[in-house]
file upload.cif (mmCIF, C-alpha atoms and all ligand atoms)
data_model
#
loop_
_atom_site.label_atom_id
_atom_site.label_comp_id
_atom_site.auth_asym_id
_atom_site.auth_seq_id
_atom_site.Cartn_x
_atom_site.Cartn_y
_atom_site.Cartn_z
CA MET A 155 61.33 -24.50 10.05
CA SER A 156 58.95 -26.94 8.36
CA GLU A 157 57.50 -24.11 6.25
CA ILE A 158 60.93 -23.02 5.04
CA VAL A 159 62.28 -26.52 4.42
CA SER A 160 59.14 -27.73 2.62
CA ALA A 161 59.30 -24.70 0.30
CA LEU A 162 63.00 -25.19 -0.44
CA SER A 163 62.46 -28.93 -0.98
CA ARG A 164 60.76 -27.90 -4.23
CA ALA A 165 64.14 -26.79 -5.53
CA LEU A 166 65.41 -30.31 -4.88
CA ASP A 167 62.38 -31.72 -6.75
CA LEU A 168 63.40 -29.61 -9.74
CA THR A 169 66.95 -31.01 -9.77
CA GLU A 170 65.66 -34.55 -9.57
CA GLY A 171 63.41 -33.94 -12.57
CA GLN A 172 60.37 -34.54 -10.35
CA PRO A 173 57.20 -32.42 -10.31
CA PHE A 174 56.94 -29.83 -7.51
CA GLY A 175 55.75 -31.59 -4.37
CA HIS A 176 57.62 -34.90 -4.78
CA ALA A 177 59.59 -34.57 -1.53
CA ALA A 178 56.55 -33.22 0.32
CA ARG A 179 54.40 -36.15 -0.81
CA SER A 180 57.16 -38.63 0.06
CA CYS A 181 57.19 -36.98 3.49
CA VAL A 182 53.45 -37.59 3.97
CA VAL A 183 53.78 -41.26 2.92
CA GLY A 184 56.90 -41.82 5.06
CA MET A 185 55.35 -40.26 8.16
CA ARG A 186 52.33 -42.55 7.80
CA VAL A 187 54.61 -45.59 7.58
CA ALA A 188 56.46 -44.35 10.68
CA HIS A 189 53.23 -44.05 12.65
CA ALA A 190 52.15 -47.51 11.48
CA VAL A 191 55.36 -49.06 12.89
CA GLY A 192 55.19 -47.05 16.13
CA LEU A 193 58.09 -44.60 15.67
CA GLU A 194 57.95 -41.82 18.30
CA GLY A 195 59.32 -38.50 19.56
CA GLN A 196 62.69 -37.29 18.27
CA ASP A 197 62.83 -40.11 15.70
CA LEU A 198 59.64 -38.80 14.09
CA SER A 199 61.01 -35.26 13.97
CA ASP A 200 64.30 -36.47 12.45
CA LEU A 201 62.44 -38.55 9.87
CA PHE A 202 60.25 -35.59 8.95
CA TYR A 203 63.26 -33.45 8.00
CA ALA A 204 65.18 -36.36 6.45
CA LEU A 205 62.23 -36.95 4.10
CA LEU A 206 61.96 -33.31 3.05
CA LEU A 207 65.72 -32.96 2.59
CA LYS A 208 66.51 -36.44 1.26
CA ASP A 209 67.72 -34.97 -2.07
CA ALA A 210 69.91 -32.24 -0.55
CA GLY A 211 72.95 -33.77 -2.29
CA CYS A 212 71.19 -33.94 -5.67
CA THR A 213 73.26 -31.25 -7.38
CA ALA A 214 76.60 -32.84 -6.44
CA ASN A 215 76.32 -35.40 -9.25
CA ALA A 216 74.28 -33.39 -11.78
CA ALA A 217 77.27 -32.43 -13.95
CA ALA A 218 78.74 -35.93 -13.56
CA THR A 219 75.44 -37.47 -14.67
CA TYR A 220 75.49 -35.29 -17.77
CA ASN A 221 79.12 -36.22 -18.47
CA LEU A 222 78.45 -39.93 -18.02
CA PHE A 223 75.42 -40.14 -20.30
CA ARG A 224 75.75 -36.97 -22.44
CA TYR A 225 72.07 -36.59 -21.72
CA ASP A 226 69.72 -34.28 -19.76
CA ASP A 227 70.63 -34.94 -16.10
CA ARG A 228 67.12 -34.15 -14.83
CA GLU A 229 65.49 -36.61 -17.22
CA ALA A 230 68.16 -39.24 -16.44
CA LYS A 231 67.48 -38.87 -12.72
CA ARG A 232 63.72 -38.89 -13.18
CA ARG A 233 63.87 -42.13 -15.15
CA LEU A 234 66.33 -43.74 -12.73
CA LYS A 235 63.77 -43.44 -9.93
CA THR A 236 61.33 -45.72 -11.81
CA VAL A 237 63.94 -48.36 -12.69
CA ASN A 238 64.96 -51.38 -10.59
CA TRP A 239 68.64 -50.47 -10.97
CA SER A 240 70.04 -53.21 -8.76
CA HIS A 241 68.72 -55.62 -11.43
CA THR A 242 71.48 -55.89 -14.09
CA ALA A 243 69.27 -56.23 -17.20
CA SER A 244 67.11 -53.26 -16.09
CA SER A 245 70.11 -51.02 -15.45
CA VAL A 246 71.70 -51.92 -18.82
CA ARG A 247 68.40 -51.14 -20.57
CA TYR A 248 68.21 -47.86 -18.69
CA ALA A 249 71.75 -46.81 -19.66
CA ALA A 250 71.24 -47.84 -23.30
CA SER A 251 68.01 -45.87 -23.59
CA ILE A 252 69.53 -42.57 -22.49
CA ALA A 253 73.19 -42.70 -23.62
CA ALA A 254 73.59 -39.63 -25.86
CA ALA A 255 69.91 -40.04 -26.77
CA GLY A 256 68.75 -37.69 -29.51
CA GLN A 257 72.26 -37.35 -30.96
CA PRO A 258 73.58 -38.84 -34.25
CA LEU A 259 74.22 -42.60 -34.31
CA PRO A 260 78.06 -42.43 -34.14
CA ALA A 261 77.86 -40.27 -31.00
CA ARG A 262 75.39 -42.70 -29.42
CA LEU A 263 77.58 -45.71 -30.19
CA ALA A 264 80.66 -43.97 -28.81
CA GLN A 265 78.78 -43.17 -25.60
CA LEU A 266 77.52 -46.77 -25.29
CA LEU A 267 81.05 -48.09 -25.69
CA TYR A 268 82.29 -45.68 -23.09
CA LEU A 269 79.56 -46.82 -20.67
CA ALA A 270 80.23 -50.49 -21.39
CA ARG A 271 83.92 -49.99 -20.56
CA LYS A 272 83.00 -48.25 -17.30
CA GLY A 273 80.43 -50.92 -16.41
CA THR A 274 78.88 -50.94 -12.96
CA ARG A 275 82.01 -49.26 -11.55
CA ALA A 276 80.50 -45.96 -12.73
CA ALA A 277 77.56 -46.16 -10.35
CA GLN A 278 79.18 -46.25 -6.91
CA PRO A 279 80.98 -42.87 -7.03
CA MET A 280 77.86 -41.20 -8.46
CA PHE A 281 75.74 -42.40 -5.55
CA ALA A 282 78.52 -41.72 -3.03
CA LEU A 283 78.87 -38.08 -4.16
CA ARG A 284 75.18 -37.51 -3.68
CA CYS A 285 74.98 -39.22 -0.27
CA GLU A 286 78.05 -37.53 1.19
CA ARG A 287 77.09 -34.09 -0.06
CA GLY A 288 73.51 -34.55 1.15
CA ALA A 289 74.68 -35.42 4.66
CA ASP A 290 77.07 -32.42 4.64
CA ILE A 291 74.25 -30.03 3.73
CA ILE A 292 72.04 -31.42 6.53
CA ARG A 293 74.88 -30.77 9.01
CA LEU A 294 75.34 -27.23 7.67
CA LEU A 295 71.64 -26.64 8.27
CA GLY A 296 72.20 -27.57 11.91
CA PHE A 297 70.07 -30.75 12.07
CA PRO A 298 71.01 -33.67 14.37
CA GLU A 299 73.52 -36.25 13.09
CA THR A 300 70.73 -38.86 12.85
CA VAL A 301 69.13 -36.78 10.06
CA ALA A 302 72.48 -36.58 8.22
CA GLN A 303 72.98 -40.35 8.57
CA ALA A 304 69.43 -41.01 7.33
CA VAL A 305 70.15 -39.06 4.15
CA TYR A 306 73.58 -40.64 3.77
CA ALA A 307 72.10 -44.16 3.68
CA LEU A 308 69.04 -43.32 1.55
CA ASP A 309 70.16 -45.51 -1.38
CA GLU A 310 71.11 -48.58 0.65
CA HIS A 311 69.07 -51.70 -0.05
CA PHE A 312 67.83 -54.28 2.49
CA ASP A 313 69.71 -57.11 0.72
CA GLY A 314 73.05 -55.25 0.74
CA ALA A 315 73.06 -54.42 -3.00
CA GLY A 316 72.57 -50.65 -2.52
CA TYR A 317 74.96 -47.69 -2.22
CA PRO A 318 77.23 -46.18 -1.01
CA LYS A 319 78.35 -48.85 1.49
CA GLY A 320 76.28 -51.94 0.69
CA LEU A 321 74.80 -52.00 4.21
CA ARG A 322 72.37 -54.83 4.90
CA GLY A 323 69.09 -55.26 6.84
CA GLN A 324 68.95 -53.69 10.29
CA ASP A 325 72.43 -52.13 9.77
CA ILE A 326 70.68 -49.55 7.57
CA PRO A 327 69.24 -46.79 9.79
CA ILE A 328 65.47 -47.21 10.20
CA LEU A 329 64.91 -43.62 9.02
CA SER A 330 66.72 -44.40 5.73
CA ARG A 331 64.73 -47.60 5.25
CA ILE A 332 61.46 -45.68 5.64
CA ALA A 333 62.58 -42.77 3.41
CA SER A 334 63.78 -45.10 0.66
CA LEU A 335 60.44 -46.95 0.61
CA ALA A 336 58.38 -43.75 0.79
CA GLN A 337 60.18 -41.98 -2.08
CA THR A 338 60.08 -45.00 -4.38
CA PHE A 339 56.42 -45.63 -3.64
CA GLU A 340 55.59 -41.98 -4.35
CA VAL A 341 57.32 -42.01 -7.75
CA LEU A 342 55.80 -45.36 -8.77
CA ALA A 343 52.33 -44.34 -7.60
CA VAL A 344 52.45 -41.11 -9.61
CA ALA A 345 53.68 -43.01 -12.69
CA HIS A 346 51.48 -46.13 -12.48
CA GLY A 347 48.71 -45.54 -9.90
CA THR A 348 48.56 -46.66 -6.27
CA ALA A 349 47.51 -50.29 -6.90
CA ARG A 350 50.41 -50.97 -9.31
CA ALA A 351 52.84 -49.19 -7.00
CA VAL A 352 51.77 -51.41 -4.09
CA GLN A 353 52.43 -54.51 -6.25
CA MET A 354 55.81 -53.18 -7.36
CA VAL A 355 57.11 -52.36 -3.86
CA ARG A 356 55.78 -55.75 -2.62
CA ARG A 357 57.93 -57.43 -5.27
CA ARG A 358 60.97 -55.57 -3.93
CA ALA A 359 60.26 -56.48 -0.27
CA GLY A 360 63.39 -58.16 1.08
CA SER A 361 65.56 -56.97 -1.83
CA TRP A 362 65.23 -53.18 -1.86
CA PHE A 363 62.97 -52.75 1.14
CA ASP A 364 62.54 -53.91 4.73
CA PRO A 365 59.60 -56.40 4.47
CA ALA A 366 58.08 -55.22 7.77
CA LEU A 367 57.91 -51.65 6.43
CA VAL A 368 56.34 -52.81 3.15
CA THR A 369 53.63 -54.59 5.19
CA ALA A 370 53.06 -51.36 7.15
CA LEU A 371 52.80 -49.32 3.94
CA CYS A 372 50.36 -51.79 2.37
CA SER A 373 48.13 -51.56 5.46
CA PHE A 374 47.05 -48.07 4.39
CA ALA A 375 48.27 -47.62 0.81
CA GLN A 376 45.91 -50.07 -0.92
CA ASP A 377 43.35 -47.33 -1.30
CA GLU A 378 43.44 -45.63 -4.73
CA ARG A 379 42.35 -42.38 -3.08
CA LEU A 380 45.60 -42.06 -1.11
CA LEU A 381 47.40 -39.83 -3.62
CA GLY A 382 44.31 -37.69 -4.19
CA GLU A 383 44.08 -37.09 -0.45
CA ILE A 384 47.71 -36.00 -0.27
CA GLY A 385 47.23 -33.65 -3.24
CA ALA A 386 49.62 -32.89 -6.08
CA ASP A 387 51.66 -30.41 -4.04
CA PRO A 388 50.89 -30.54 -0.30
CA GLY A 389 50.89 -27.08 1.26
CA SER A 390 52.96 -26.11 4.28
CA ASP A 391 49.89 -26.40 6.58
CA LEU A 392 49.45 -30.10 5.83
CA LEU A 393 53.15 -30.70 6.40
CA ALA A 394 53.33 -28.61 9.57
CA ALA A 395 50.54 -30.78 10.99
CA LEU A 396 52.75 -33.85 10.43
CA GLU A 397 55.70 -32.45 12.37
CA PRO A 398 55.64 -33.80 15.95
CA GLN A 399 54.56 -30.71 17.93
CA ASP A 400 56.57 -31.44 21.07
CA HIS A 401 59.72 -31.58 18.91
CA ALA A 402 58.88 -28.75 16.50
CA VAL A 403 61.95 -26.90 15.17
CA TYR A 404 61.89 -23.09 14.95
CA ALA A 405 64.10 -20.91 12.76
CA ASP A 406 65.49 -17.60 14.06
CA ASP A 407 67.41 -15.02 12.01
CA ALA A 408 70.76 -16.76 12.46
CA GLN A 409 69.19 -20.03 11.38
CA LEU A 410 67.67 -18.38 8.28
CA ASP A 411 71.14 -17.11 7.33
CA ARG A 412 72.49 -20.64 7.74
CA ILE A 413 69.72 -22.04 5.52
CA ALA A 414 70.52 -19.49 2.80
CA GLU A 415 74.24 -20.35 3.03
CA ALA A 416 73.60 -24.10 2.87
CA PHE A 417 71.25 -23.82 -0.12
CA ALA A 418 73.75 -21.54 -1.88
CA GLN A 419 76.10 -24.53 -1.78
CA VAL A 420 73.40 -26.80 -3.23
CA ILE A 421 72.87 -24.28 -6.05
CA ASP A 422 76.57 -23.72 -6.77
CA ALA A 423 77.28 -27.47 -6.94
CA LYS A 424 74.95 -27.89 -9.92
CA SER A 425 77.57 -26.89 -12.51
CA PRO A 426 81.36 -26.63 -12.34
CA PHE A 427 81.01 -23.18 -13.93
CA THR A 428 78.88 -21.76 -11.13
CA TYR A 429 81.11 -23.20 -8.41
CA GLN A 430 81.10 -20.40 -5.79
CA HIS A 431 78.86 -18.12 -7.90
CA SER A 432 76.15 -17.54 -5.25
CA THR A 433 78.65 -16.89 -2.48
CA GLY A 434 80.66 -14.63 -4.83
CA VAL A 435 77.57 -12.59 -5.75
CA ALA A 436 76.61 -12.36 -2.05
CA LYS A 437 80.01 -10.91 -1.16
CA VAL A 438 79.79 -8.16 -3.80
CA ALA A 439 76.08 -7.44 -3.16
CA LEU A 440 76.77 -7.07 0.55
CA GLY A 441 79.59 -4.63 -0.26
CA ILE A 442 77.34 -2.49 -2.50
CA ALA A 443 74.48 -2.49 0.05
CA ALA A 444 76.81 -1.44 2.87
CA THR A 445 78.45 1.28 0.72
CA LEU A 446 75.00 2.66 -0.12
CA GLY A 447 74.27 2.79 3.62
CA LEU A 448 71.17 0.56 3.56
CA PRO A 449 69.67 -0.26 6.99
CA ALA A 450 70.95 -3.46 8.63
CA ASP A 451 67.80 -5.54 8.05
CA ARG A 452 67.81 -4.61 4.35
CA VAL A 453 71.50 -5.51 4.05
CA ARG A 454 70.59 -8.90 5.52
CA ASP A 455 67.80 -9.28 2.92
CA VAL A 456 70.24 -8.44 0.12
CA ARG A 457 72.72 -11.06 1.30
CA ARG A 458 70.07 -13.80 1.58
CA ALA A 459 68.61 -12.85 -1.82
CA ALA A 460 72.08 -13.01 -3.38
CA LEU A 461 72.74 -16.44 -1.87
CA LEU A 462 69.43 -17.79 -3.20
CA HIS A 463 68.91 -15.79 -6.43
CA ASP A 464 69.75 -18.69 -8.78
CA ILE A 465 67.81 -21.38 -6.90
CA GLY A 466 65.54 -21.60 -9.97
CA LYS A 467 68.58 -22.72 -12.01
CA LEU A 468 68.18 -26.13 -10.42
CA GLY A 469 65.44 -26.58 -13.02
CA VAL A 470 67.84 -26.08 -15.94
CA PRO A 471 69.54 -29.23 -17.27
CA ASN A 472 73.36 -29.36 -17.42
CA THR A 473 73.11 -30.09 -21.16
CA ILE A 474 72.34 -26.35 -21.33
CA LEU A 475 74.28 -24.97 -18.33
CA ASP A 476 77.53 -26.69 -19.32
CA LYS A 477 77.14 -26.43 -23.11
CA PRO A 478 80.39 -25.26 -24.70
CA ASP A 479 78.71 -23.82 -27.85
CA LYS A 480 76.23 -21.06 -28.48
CA LEU A 481 72.76 -21.78 -27.08
CA THR A 482 69.80 -22.22 -29.43
CA ASP A 483 66.74 -19.98 -29.02
CA GLU A 484 64.90 -22.84 -27.34
CA GLU A 485 67.72 -23.44 -24.89
CA PHE A 486 67.92 -19.76 -24.07
CA ALA A 487 64.16 -19.76 -23.45
CA VAL A 488 64.71 -22.49 -20.81
CA ILE A 489 67.45 -20.38 -19.16
CA ARG A 490 65.14 -17.36 -19.09
CA ARG A 491 62.64 -19.26 -16.96
CA HIS A 492 64.95 -19.69 -13.97
CA PRO A 493 64.13 -16.42 -12.15
CA ALA A 494 60.42 -17.35 -12.34
CA TYR A 495 61.21 -20.63 -10.56
CA THR A 496 63.17 -18.67 -7.99
CA VAL A 497 60.07 -16.56 -7.29
CA GLU A 498 57.85 -19.63 -7.18
CA ILE A 499 60.07 -21.37 -4.60
CA LEU A 500 60.96 -18.42 -2.35
CA GLY A 501 57.46 -16.94 -2.56
CA ARG A 502 56.13 -19.76 -0.40
CA VAL A 503 58.22 -18.78 2.61
CA ASP A 504 56.67 -16.10 4.80
CA ALA A 505 59.95 -15.46 6.59
CA LEU A 506 61.66 -14.72 3.25
CA ARG A 507 59.00 -12.33 1.94
CA GLY A 508 61.48 -9.43 1.86
CA ILE A 509 63.87 -11.14 -0.56
CA VAL A 510 61.56 -12.49 -3.29
CA GLU A 511 61.50 -9.27 -5.36
CA ILE A 512 65.28 -8.82 -5.02
CA ALA A 513 66.12 -12.41 -5.98
CA GLY A 514 63.49 -12.69 -8.71
CA SER A 515 64.62 -9.51 -10.53
CA HIS A 516 68.32 -10.27 -10.88
CA HIS A 517 68.17 -10.48 -14.70
CA GLU A 518 65.99 -7.38 -15.10
CA ARG A 519 67.47 -4.15 -16.49
CA LEU A 520 66.99 -0.44 -15.96
CA ASP A 521 65.57 -0.08 -19.50
CA GLY A 522 63.10 -2.97 -19.09
CA ARG A 523 64.86 -5.21 -21.65
CA GLY A 524 65.80 -7.92 -19.17
CA TYR A 525 63.94 -11.05 -18.07
CA HIS A 526 61.80 -12.79 -16.83
CA ARG A 527 59.17 -10.05 -16.54
CA GLY A 528 60.85 -7.26 -18.52
CA ILE A 529 60.17 -4.67 -15.79
CA ALA A 530 62.02 -1.33 -15.67
CA LEU A 531 64.34 -1.52 -12.67
CA GLY A 532 64.27 2.27 -12.24
CA GLU A 533 60.95 2.03 -10.46
CA GLN A 534 62.24 -0.63 -8.05
CA ASP A 535 63.79 -0.38 -4.60
CA VAL A 536 67.56 0.19 -4.51
CA ALA A 537 68.04 -3.29 -2.96
CA VAL A 538 66.47 -4.73 -6.14
CA ARG A 539 68.58 -2.55 -8.46
CA LEU A 540 71.92 -3.51 -7.00
CA LEU A 541 71.81 -7.30 -7.41
CA PRO A 542 72.17 -7.33 -11.26
CA VAL A 543 75.47 -5.45 -10.86
CA ALA A 544 76.87 -8.05 -8.45
CA ASP A 545 75.53 -10.93 -10.56
CA VAL A 546 77.03 -9.75 -13.86
CA TYR A 547 80.38 -8.89 -12.24
CA ASP A 548 80.74 -12.36 -10.76
CA ALA A 549 79.65 -13.98 -14.04
CA LEU A 550 82.16 -12.00 -16.13
CA THR A 551 85.05 -12.69 -13.76
CA SER A 552 84.37 -16.47 -13.65
CA ASP A 553 85.07 -19.18 -16.25
CA ARG A 554 82.14 -20.08 -18.49
CA PRO A 555 81.80 -23.13 -20.77
CA TYR A 556 82.35 -20.88 -23.82
CA ARG A 557 85.05 -18.46 -22.48
CA ARG A 558 87.67 -18.00 -19.75
CA ALA A 559 87.19 -15.62 -16.80
CA LEU A 560 87.83 -11.98 -17.73
CA PRO A 561 90.35 -9.89 -15.77
CA GLN A 562 88.73 -7.34 -13.43
CA GLU A 563 89.56 -4.28 -15.59
CA GLN A 564 88.12 -5.82 -18.74
CA ALA A 565 84.92 -6.82 -16.89
CA LEU A 566 84.57 -3.29 -15.56
CA ASP A 567 85.04 -1.79 -19.06
CA ILE A 568 82.22 -3.95 -20.39
CA MET A 569 79.97 -3.09 -17.46
CA ARG A 570 80.63 0.68 -17.59
CA ARG A 571 79.17 0.76 -21.10
CA GLN A 572 75.92 -0.67 -19.69
CA VAL A 573 75.39 1.89 -16.93
CA GLY A 574 72.05 3.62 -17.47
CA GLY A 575 70.90 0.86 -19.85
CA ALA A 576 71.28 -2.26 -17.74
CA PHE A 577 72.61 -0.95 -14.44
CA CYS A 578 71.48 1.71 -11.99
CA PRO A 579 74.14 4.52 -11.94
CA ASP A 580 73.99 4.93 -8.12
CA CYS A 581 74.43 1.20 -7.55
CA PHE A 582 77.29 1.04 -10.06
CA ALA A 583 79.07 4.00 -8.42
CA ALA A 584 78.74 2.28 -5.02
CA PHE A 585 80.06 -0.94 -6.59
CA GLU A 586 83.16 0.79 -7.99
CA GLN A 587 83.74 2.50 -4.66
CA PHE A 588 83.46 -0.88 -2.89
CA LEU A 589 85.90 -2.53 -5.34
CA GLY A 590 88.35 0.37 -4.93
CA ALA A 591 88.23 0.01 -1.17
FE FE B 1 70.50 -16.06 -12.80
FE FE B 2 73.42 -15.57 -10.99
#
call {"tool": "encode", "arguments": {"input": "upload.cif", "output": "structure tokens"}}
result
Amino acid sequence: MSEIVSALSRALDLTEGQPFGHAARSCVVGMRVAHAVGLEGQDLSDLFYALLLKDAGCTANAAATYNLFRYDDREAKRRLKTVNWSHTASSVRYAASIAAAGQPLPARLAQLLYLARKGTRAAQPMFALRCERGADIIRLLGFPETVAQAVYALDEHFDGAGYPKGLRGQDIPILSRIASLAQTFEVLAVAHGTARAVQMVRRRAGSWFDPALVTALCSFAQDERLLGEIGADPGSDLLAALEPQDHAVYADDAQLDRIAEAFAQVIDAKSPFTYQHSTGVAKVALGIAATLGLPADRVRDVRRAALLHDIGKLGVPNTILDKPDKLTDEEFAVIRRHPAYTVEILGRVDALRGIVEIAGSHHERLDGRGYHRGIALGEQDVAVRLLPVADVYDALTSDRPYRRALPQEQALDIMRRQVGGAFCPDCFAAFEQFLGA
């Protein structure tokens, strides 16, 4: 389980605008703090997964972040992690620096006025969305309630000025207190070096953080070599060694299906326009695979690949995903990178080896004019050739920022013209048969 979750945590890093490995590094730091304060057994196991999955709710407020600031949600979230946002002057400076940044002056002023009217009331629901959704995803994954509660209270502060409930001191679960300290320290250390980060978290002892935990962190974090030892992107071996062995969690086939379903929800929550896209594509892809008579284990691969195919989209800002106008060439180039991210993330999971090619090729075409590699789908396995059909059908029959959903017949007309160019004729025939049935 640790191998799968640490690989998928990289998708959460992407959404938070953090470099790959942020959650994994926070996990290493947090586990060291836990050992320093004598945490044991099940608590250690729960903390381990809470740290890796702390950002599971990150997509729930991505579109809202974009709407609030009219600015790249990933960059807004990245910057927020380095700001002392419970300090009024710092949070005002933060909001002013990103409100409609890069747009003409009148648009910036309008956005600033809008933010000023909203004031601090805007923050609570944004944090609450993220916390609630994060806890829900942890429950869907089948982890104990303590892990869900740890993620729910991640943004609480020791002095009661955090979110979503304003819990204070020991009322905040110990796992949340450790995770909050570990993630902030990781971000500050990457931005400013270990020594500065130690100073900065010391200054927030008693306000943001539990002072006893800050003391524990400082007992080993003074050393500048700490981050170098952890590495930029800790591999699954390093992380597996941190998981308490007598409480190690193992994933069977049913569990893998549940993980794919839960992450499909994380992916679909990123934009209101992809709401239910992954689950919709999975339904159609499953129908095509079954109609073609693929063996049961391959049908299972197809379904998991369909649920996870757009996981790389978590790296695309909502300024692009939700843009109502035509995309520029540069913006389209960003979109075209998402299947490569999908491959990068899923390729790290041994248990998902069978789905990487299927998921990573969903924008490829029969004639080789697709992306991201431009391979000719004709030479690929039938499981690979069928996913583009399901993906395009769901996209055409759903609302997009620039057009309404098309009726089924109109979508089919458009797609029929692409058979042989974009789509595999056998897969398309099976698709029409499935729809007819
Ligand atoms: Fe896609
Ligand atoms: Fe898609």
call {"tool": "atom_distance", "arguments": {"input": "upload.cif", "atom1": "CA of Arg284 (chain A)", "atom2": "CA of Leu222 (chain A)"}}
result
14.9 Å
call {"tool": "residues_near_ligand", "arguments": {"input": "upload.cif", "ligand": "ligand FE 1 (chain B)", "cutoff": "7 Å", "atoms": "all atoms listed in the file", "output": "PyMOL selection string"}}
result
chain A and resi 463-464+467+492-493+516-517
call {"tool": "atom_distance", "arguments": {"input": "upload.cif", "atom1": "CA of Gln562 (chain A)", "atom2": "CA of Val543 (chain A)"}}
result
13.6 Å
call {"tool": "closest_residue", "arguments": {"input": "upload.cif", "among": "A:Leu198, A:Ile421, A:Ala345, A:Leu462", "to": "Arg233 (chain A)", "atoms": "only C-alpha atoms"}}
result
A:Ala345
call {"tool": "residues_around", "arguments": {"input": "upload.cif", "residues": "region 503-513 of chain A", "least_positions_apart": "5", "cutoff": "6 Å", "atoms": "all atoms listed in the file", "output": "list in words"}}
result
Ile158, Asp455, Ala459, His463, Val497 and Val538 of chain A
call {"tool": "write_last_selection", "arguments": {"input": "upload.cif", "atoms": "C-alpha atoms", "output": "mmCIF file, in the coordinates of the input"}}
result
data_model
loop_
_atom_site.group_PDB
_atom_site.id
_atom_site.type_symbol
_atom_site.label_atom_id
_atom_site.label_comp_id
_atom_site.auth_asym_id
_atom_site.auth_seq_id
_atom_site.Cartn_x
_atom_site.Cartn_y
_atom_site.Cartn_z
ATOM 1 C CA ILE A 158 60.930 -23.020 5.040
ATOM 2 C CA ASP A 455 67.800 -9.280 2.920
ATOM 3 C CA ALA A 459 68.610 -12.850 -1.820
ATOM 4 C CA HIS A 463 68.910 -15.790 -6.430
ATOM 5 C CA VAL A 497 60.070 -16.560 -7.290
ATOM 6 C CA VAL A 538 66.470 -4.730 -6.140
#
call {"tool": "residues_near_point", "arguments": {"input": "upload.cif", "point": "(79.7, -5.4, 0.9)", "cutoff": "12 Å", "atoms": "only C-alpha atoms", "output": "PyMOL selection string"}}
result
chain A and resi 434-448+450+453-454+456-457+460+540-541+544+581+584-591
call {"tool": "residues_around", "arguments": {"input": "upload.cif", "residues": "Gly575 (chain A)", "least_positions_apart": "6", "cutoff": "9 Å", "atoms": "all atoms listed in the file", "output": "ChimeraX atom specification"}}
result
/A:519-523
call {"tool": "closest_residue", "arguments": {"input": "upload.cif", "among": "A:Arg247, A:Pro279, A:Ile465, A:Gly320", "to": "Val420 (chain A)", "atoms": "all atoms listed in the file"}}
result
A:Ile465
